file work22.tsv (TSV, C-alpha atoms)
chain	number	residue	atom	x	y	z
A	1	MET	CA	94.91	56.29	127.11
A	2	ILE	CA	93.15	58.99	129.12
A	3	SER	CA	96.39	60.31	130.64
A	4	SER	CA	98.06	60.65	127.22
A	5	LYS	CA	95.02	62.58	125.92
A	6	TRP	CA	95.36	65.02	128.84
A	7	THR	CA	99.09	65.30	128.27
A	8	VAL	CA	98.58	66.25	124.62
A	9	LEU	CA	95.78	68.66	125.49
A	10	GLY	CA	97.96	70.28	128.18
A	11	ALA	CA	100.91	70.62	125.80
A	12	VAL	CA	98.73	72.30	123.16
A	13	ALA	CA	97.28	74.67	125.77
A	14	LEU	CA	100.75	75.64	127.01
A	15	ALA	CA	102.00	76.23	123.47
A	16	PHE	CA	99.05	78.51	122.73
A	17	CYS	CA	99.43	80.44	125.98
A	18	GLY	CA	103.11	81.06	125.32
A	19	ARG	CA	102.43	82.38	121.85
A	20	ALA	CA	99.51	84.56	122.96
A	21	SER	CA	101.46	86.15	125.81
A	22	ALA	CA	104.47	86.86	123.59
A	23	HIS	CA	102.41	89.20	121.41
A	24	HIS	CA	102.14	92.74	122.74
A	25	SER	CA	99.23	95.13	122.87
A	26	PHE	CA	99.52	98.61	121.41
A	27	SER	CA	99.50	100.28	124.83
A	28	ALA	CA	102.24	98.01	126.16
A	29	GLU	CA	104.78	99.29	123.65
A	30	PHE	CA	103.46	102.58	122.20
A	31	ASP	CA	102.02	105.75	123.73
A	32	ALA	CA	98.70	106.97	122.30
A	33	ALA	CA	99.33	110.35	123.96
A	34	LYS	CA	102.45	110.90	121.83
A	35	PRO	CA	101.50	111.09	118.15
A	36	ILE	CA	104.24	111.91	115.67
A	37	LYS	CA	104.64	112.59	111.96
A	38	LEU	CA	107.93	111.53	110.34
A	39	THR	CA	109.25	111.92	106.80
A	40	GLY	CA	112.31	110.02	105.64
A	41	ILE	CA	113.96	107.60	103.24
A	42	VAL	CA	113.22	103.86	103.47
A	43	THR	CA	116.38	101.91	104.43
A	44	LYS	CA	115.00	98.45	105.22
A	45	VAL	CA	111.75	96.46	104.99
A	46	GLU	CA	111.06	93.32	107.07
A	47	TRP	CA	107.94	91.64	105.66
A	48	THR	CA	107.53	89.02	108.42
A	49	ASN	CA	105.04	87.89	111.07
A	50	PRO	CA	103.76	88.96	113.47
A	51	HIS	CA	104.21	92.55	112.21
A	52	VAL	CA	105.79	94.15	109.18
A	53	TRP	CA	108.55	96.58	110.15
A	54	PHE	CA	110.28	99.13	107.98
A	55	TYR	CA	113.00	101.63	108.76
A	56	ILE	CA	113.56	105.18	107.55
A	57	ASN	CA	116.36	107.71	107.84
A	58	VAL	CA	114.94	110.98	109.18
A	59	LYS	CA	116.97	114.18	108.92
A	60	ASP	CA	116.53	116.67	111.76
A	61	PRO	CA	115.81	120.07	110.11
A	62	ASP	CA	117.75	122.01	112.77
A	63	SER	CA	120.91	119.96	113.31
A	64	GLY	CA	121.02	118.06	110.01
A	65	GLN	CA	121.63	114.85	111.98
A	66	VAL	CA	120.15	111.70	110.41
A	67	THR	CA	118.47	109.16	112.69
A	68	ASN	CA	117.14	105.74	111.71
A	69	TRP	CA	113.57	105.10	112.91
A	70	GLY	CA	111.67	101.78	112.95
A	71	ALA	CA	107.97	101.69	112.07
A	72	GLU	CA	105.66	98.81	112.99
A	73	MET	CA	102.70	98.02	110.80
A	74	GLY	CA	100.15	95.22	110.89
A	75	PRO	CA	100.69	91.57	109.96
A	76	PRO	CA	101.53	90.75	106.32
A	77	HIS	CA	98.19	89.02	105.64
A	78	GLY	CA	96.23	92.03	106.93
A	79	LEU	CA	98.29	94.45	104.86
A	80	GLN	CA	97.84	92.31	101.74
A	81	ARG	CA	94.06	92.41	102.19
A	82	SER	CA	94.39	96.22	102.21
A	83	GLY	CA	96.29	96.24	98.92
A	84	TRP	CA	99.85	96.27	100.24
A	85	ARG	CA	102.46	94.02	98.68
A	86	ARG	CA	106.00	93.11	99.67
A	87	GLU	CA	107.17	95.56	96.97
A	88	SER	CA	104.95	98.48	98.09
A	89	LEU	CA	107.80	100.10	100.01
A	90	GLN	CA	111.12	100.28	98.22
A	91	ILE	CA	114.53	101.10	99.70
A	92	GLY	CA	115.38	104.69	98.73
A	93	GLN	CA	111.74	105.84	98.57
A	94	GLU	CA	110.66	108.85	100.61
A	95	VAL	CA	107.65	108.25	102.85
A	96	SER	CA	105.70	110.09	105.54
A	97	ILE	CA	104.37	108.26	108.57
A	98	ASP	CA	101.62	109.26	110.98
A	99	GLY	CA	102.03	107.17	114.09
A	100	PHE	CA	102.66	106.94	117.81
A	101	LEU	CA	105.98	106.96	119.68
A	102	ALA	CA	107.39	104.02	121.61
A	103	ARG	CA	106.92	104.27	125.37
A	104	ASN	CA	110.55	103.44	126.17
A	105	GLY	CA	112.00	106.36	124.19
A	106	VAL	CA	113.66	104.35	121.41
A	107	LYS	CA	113.30	105.58	117.83
A	108	ARG	CA	110.27	103.41	116.98
A	109	VAL	CA	106.71	104.21	116.01
A	110	ASN	CA	103.50	102.34	115.45
A	111	ALA	CA	102.49	103.48	111.95
A	112	ARG	CA	98.88	104.52	111.62
A	113	SER	CA	99.27	105.62	107.99
A	114	VAL	CA	102.08	105.69	105.44
A	115	THR	CA	102.20	108.06	102.46
A	116	LEU	CA	104.56	107.89	99.49
A	117	THR	CA	105.71	111.52	99.47
A	118	ALA	CA	106.85	111.57	95.82
A	119	THR	CA	103.32	110.86	94.60
A	120	GLY	CA	101.25	111.84	97.61
A	121	GLY	CA	99.60	108.43	97.33
A	122	ARG	CA	99.40	105.63	99.81
A	123	PRO	CA	100.32	102.13	98.80
A	124	GLY	CA	96.97	100.36	98.93
A	125	GLN	CA	94.75	102.43	101.17
A	126	THR	CA	95.25	104.34	104.40
A	127	LEU	CA	96.74	101.80	106.74
A	128	ASP	CA	95.43	100.98	110.18
A	129	ALA	CA	98.34	99.20	111.82
A	130	ASN	CA	96.01	96.63	113.44
A	131	SER	CA	97.90	96.67	116.74
A	132	SER	CA	96.86	100.30	117.16
A	133	ALA	CA	93.25	99.89	115.98
A	134	ASN	CA	91.92	101.23	119.30
A	135	SER	CA	94.28	104.20	119.49
A	136	PRO	CA	93.14	107.83	119.11
A	137	THR	CA	92.75	109.24	115.63
A	138	ASP	CA	94.29	112.69	116.12
A	139	THR	CA	97.83	113.10	114.81
A	140	GLY	CA	99.24	115.69	117.21
A	141	THR	CA	102.07	118.11	116.62
A	142	ASN	CA	105.36	116.21	117.02
A	143	GLN	CA	106.96	116.45	113.60
A	144	LEU	CA	110.36	115.76	112.06
A	145	LYS	CA	111.00	116.04	108.33
call {"tool": "encode", "arguments": {"input": "work22.tsv", "output": "structure tokens"}}
result
Amino acid sequence: MISSKWTVLGAVALAFCGRASAHHSFSAEFDAAKPIKLTGIVTKVEWTNPHVWFYINVKDPDSGQVTNWGAEMGPPHGLQRSGWRRESLQIGQEVSIDGFLARNGVKRVNARSVTLTATGGRPGQTLDANSSANSPTDTGTNQLK
């Protein structure tokens, strides 16, 4: 009886540890020293745990080349408490993102705020992306539109 209780307790502890270590911190994936502002057209929205991701096509003003960028936000339940809904971002909508670049150089950002450029409004309120809650608040000068 006692050994089976310890076996169950150990299994639960291992399951929790695996899940906790699989989640990343902001600084593990994104660089707080590299803020960026992007403006582009929404191409995809993934409203899933542990973070909502959306993708935008960003046109380089000099070359005209279009690049698809991924933007990480907070978890769905946190965004919903802030007024966001699954329908807040629509494919084809133009948005601006203030965020931080990925450390590994891929075209990904941690979104600190998202603005609907057609209206100038933000869906819900200004978004803190939860995983970057302890990041700096200045937005820097890296910009693509």
call {"tool": "residues_around", "arguments": {"input": "work22.tsv", "residues": "region 64-81 of chain A", "least_positions_apart": "3", "cutoff": "8 Å", "atoms": "all atoms listed in the file", "output": "PDB file with C-alpha atoms, in the coordinates of the input"}}
result
ATOM      1  CA  TRP A  47     107.940  91.640 105.660  1.00  0.00           C
ATOM      2  CA  THR A  48     107.530  89.020 108.420  1.00  0.00           C
ATOM      3  CA  ASN A  49     105.040  87.890 111.070  1.00  0.00           C
ATOM      4  CA  PRO A  50     103.760  88.960 113.470  1.00  0.00           C
ATOM      5  CA  HIS A  51     104.210  92.550 112.210  1.00  0.00           C
ATOM      6  CA  VAL A  52     105.790  94.150 109.180  1.00  0.00           C
ATOM      7  CA  TRP A  53     108.550  96.580 110.150  1.00  0.00           C
ATOM      8  CA  PHE A  54     110.280  99.130 107.980  1.00  0.00           C
ATOM      9  CA  TYR A  55     113.000 101.630 108.760  1.00  0.00           C
ATOM     10  CA  ILE A  56     113.560 105.180 107.550  1.00  0.00           C
ATOM     11  CA  ASN A  57     116.360 107.710 107.840  1.00  0.00           C
ATOM     12  CA  VAL A  58     114.940 110.980 109.180  1.00  0.00           C
ATOM     13  CA  LYS A  59     116.970 114.180 108.920  1.00  0.00           C
ATOM     14  CA  ASP A  60     116.530 116.670 111.760  1.00  0.00           C
ATOM     15  CA  PRO A  61     115.810 120.070 110.110  1.00  0.00           C
ATOM     16  CA  TRP A  84      99.850  96.270 100.240  1.00  0.00           C
ATOM     17  CA  ARG A  85     102.460  94.020  98.680  1.00  0.00           C
ATOM     18  CA  LYS A 107     113.300 105.580 117.830  1.00  0.00           C
ATOM     19  CA  ARG A 108     110.270 103.410 116.980  1.00  0.00           C
ATOM     20  CA  VAL A 109     106.710 104.210 116.010  1.00  0.00           C
ATOM     21  CA  ASN A 110     103.500 102.340 115.450  1.00  0.00           C
ATOM     22  CA  ALA A 111     102.490 103.480 111.950  1.00  0.00           C
ATOM     23  CA  ARG A 112      98.880 104.520 111.620  1.00  0.00           C
ATOM     24  CA  LEU A 127      96.740 101.800 106.740  1.00  0.00           C
ATOM     25  CA  ASP A 128      95.430 100.980 110.180  1.00  0.00           C
ATOM     26  CA  ALA A 129      98.340  99.200 111.820  1.00  0.00           C
ATOM     27  CA  ASN A 130      96.010  96.630 113.440  1.00  0.00           C
ATOM     28  CA  SER A 131      97.900  96.670 116.740  1.00  0.00           C
TER      29      SER A 131
END
call {"tool": "axis_aligned_box", "arguments": {"input": "work22.tsv", "around": "region 36-54 of chain A", "padding_each_side": "3 Å", "output": "AutoDock Vina command-line options"}}
result
--center_x 110.1 --center_y 100.2 --center_z 109.5 --size_x 18.6 --size_y 30.7 --size_z 18.4
call {"tool": "atom_distance", "arguments": {"input": "work22.tsv", "atom1": "CA of Thr39 (chain A)", "atom2": "CA of Gly105 (chain A)"}}
result
18.5 Å
call {"tool": "atom_distance", "arguments": {"input": "work22.tsv", "atom1": "CA of Ser113 (chain A)", "atom2": "CA of Asp31 (chain A)"}}
result
16.0 Å
call {"tool": "atom_distance", "arguments": {"input": "work22.tsv", "atom1": "CA of Ser82 (chain A)", "atom2": "CA of Ala33 (chain A)"}}
result
26.4 Å
call {"tool": "closest_residue", "arguments": {"input": "work22.tsv", "among": "A:Ala118, A:Ala28, A:Leu89, A:Val45", "to": "Asn104 (chain A)", "atoms": "all atoms listed in the file"}}
result
A:Ala28
call {"tool": "residues_around", "arguments": {"input": "work22.tsv", "residues": "Glu29 (chain A)", "least_positions_apart": "4", "cutoff": "9 Å", "atoms": "all atoms listed in the file", "output": "ChimeraX atom specification"}}
result
/A:24-25,101-104,110
call {"tool": "closest_residue", "arguments": {"input": "work22.tsv", "among": "A:Arg86, A:Asp62, A:Phe100, A:Lys44", "to": "Ala32 (chain A)", "atoms": "all atoms listed in the file"}}
result
A:Phe100
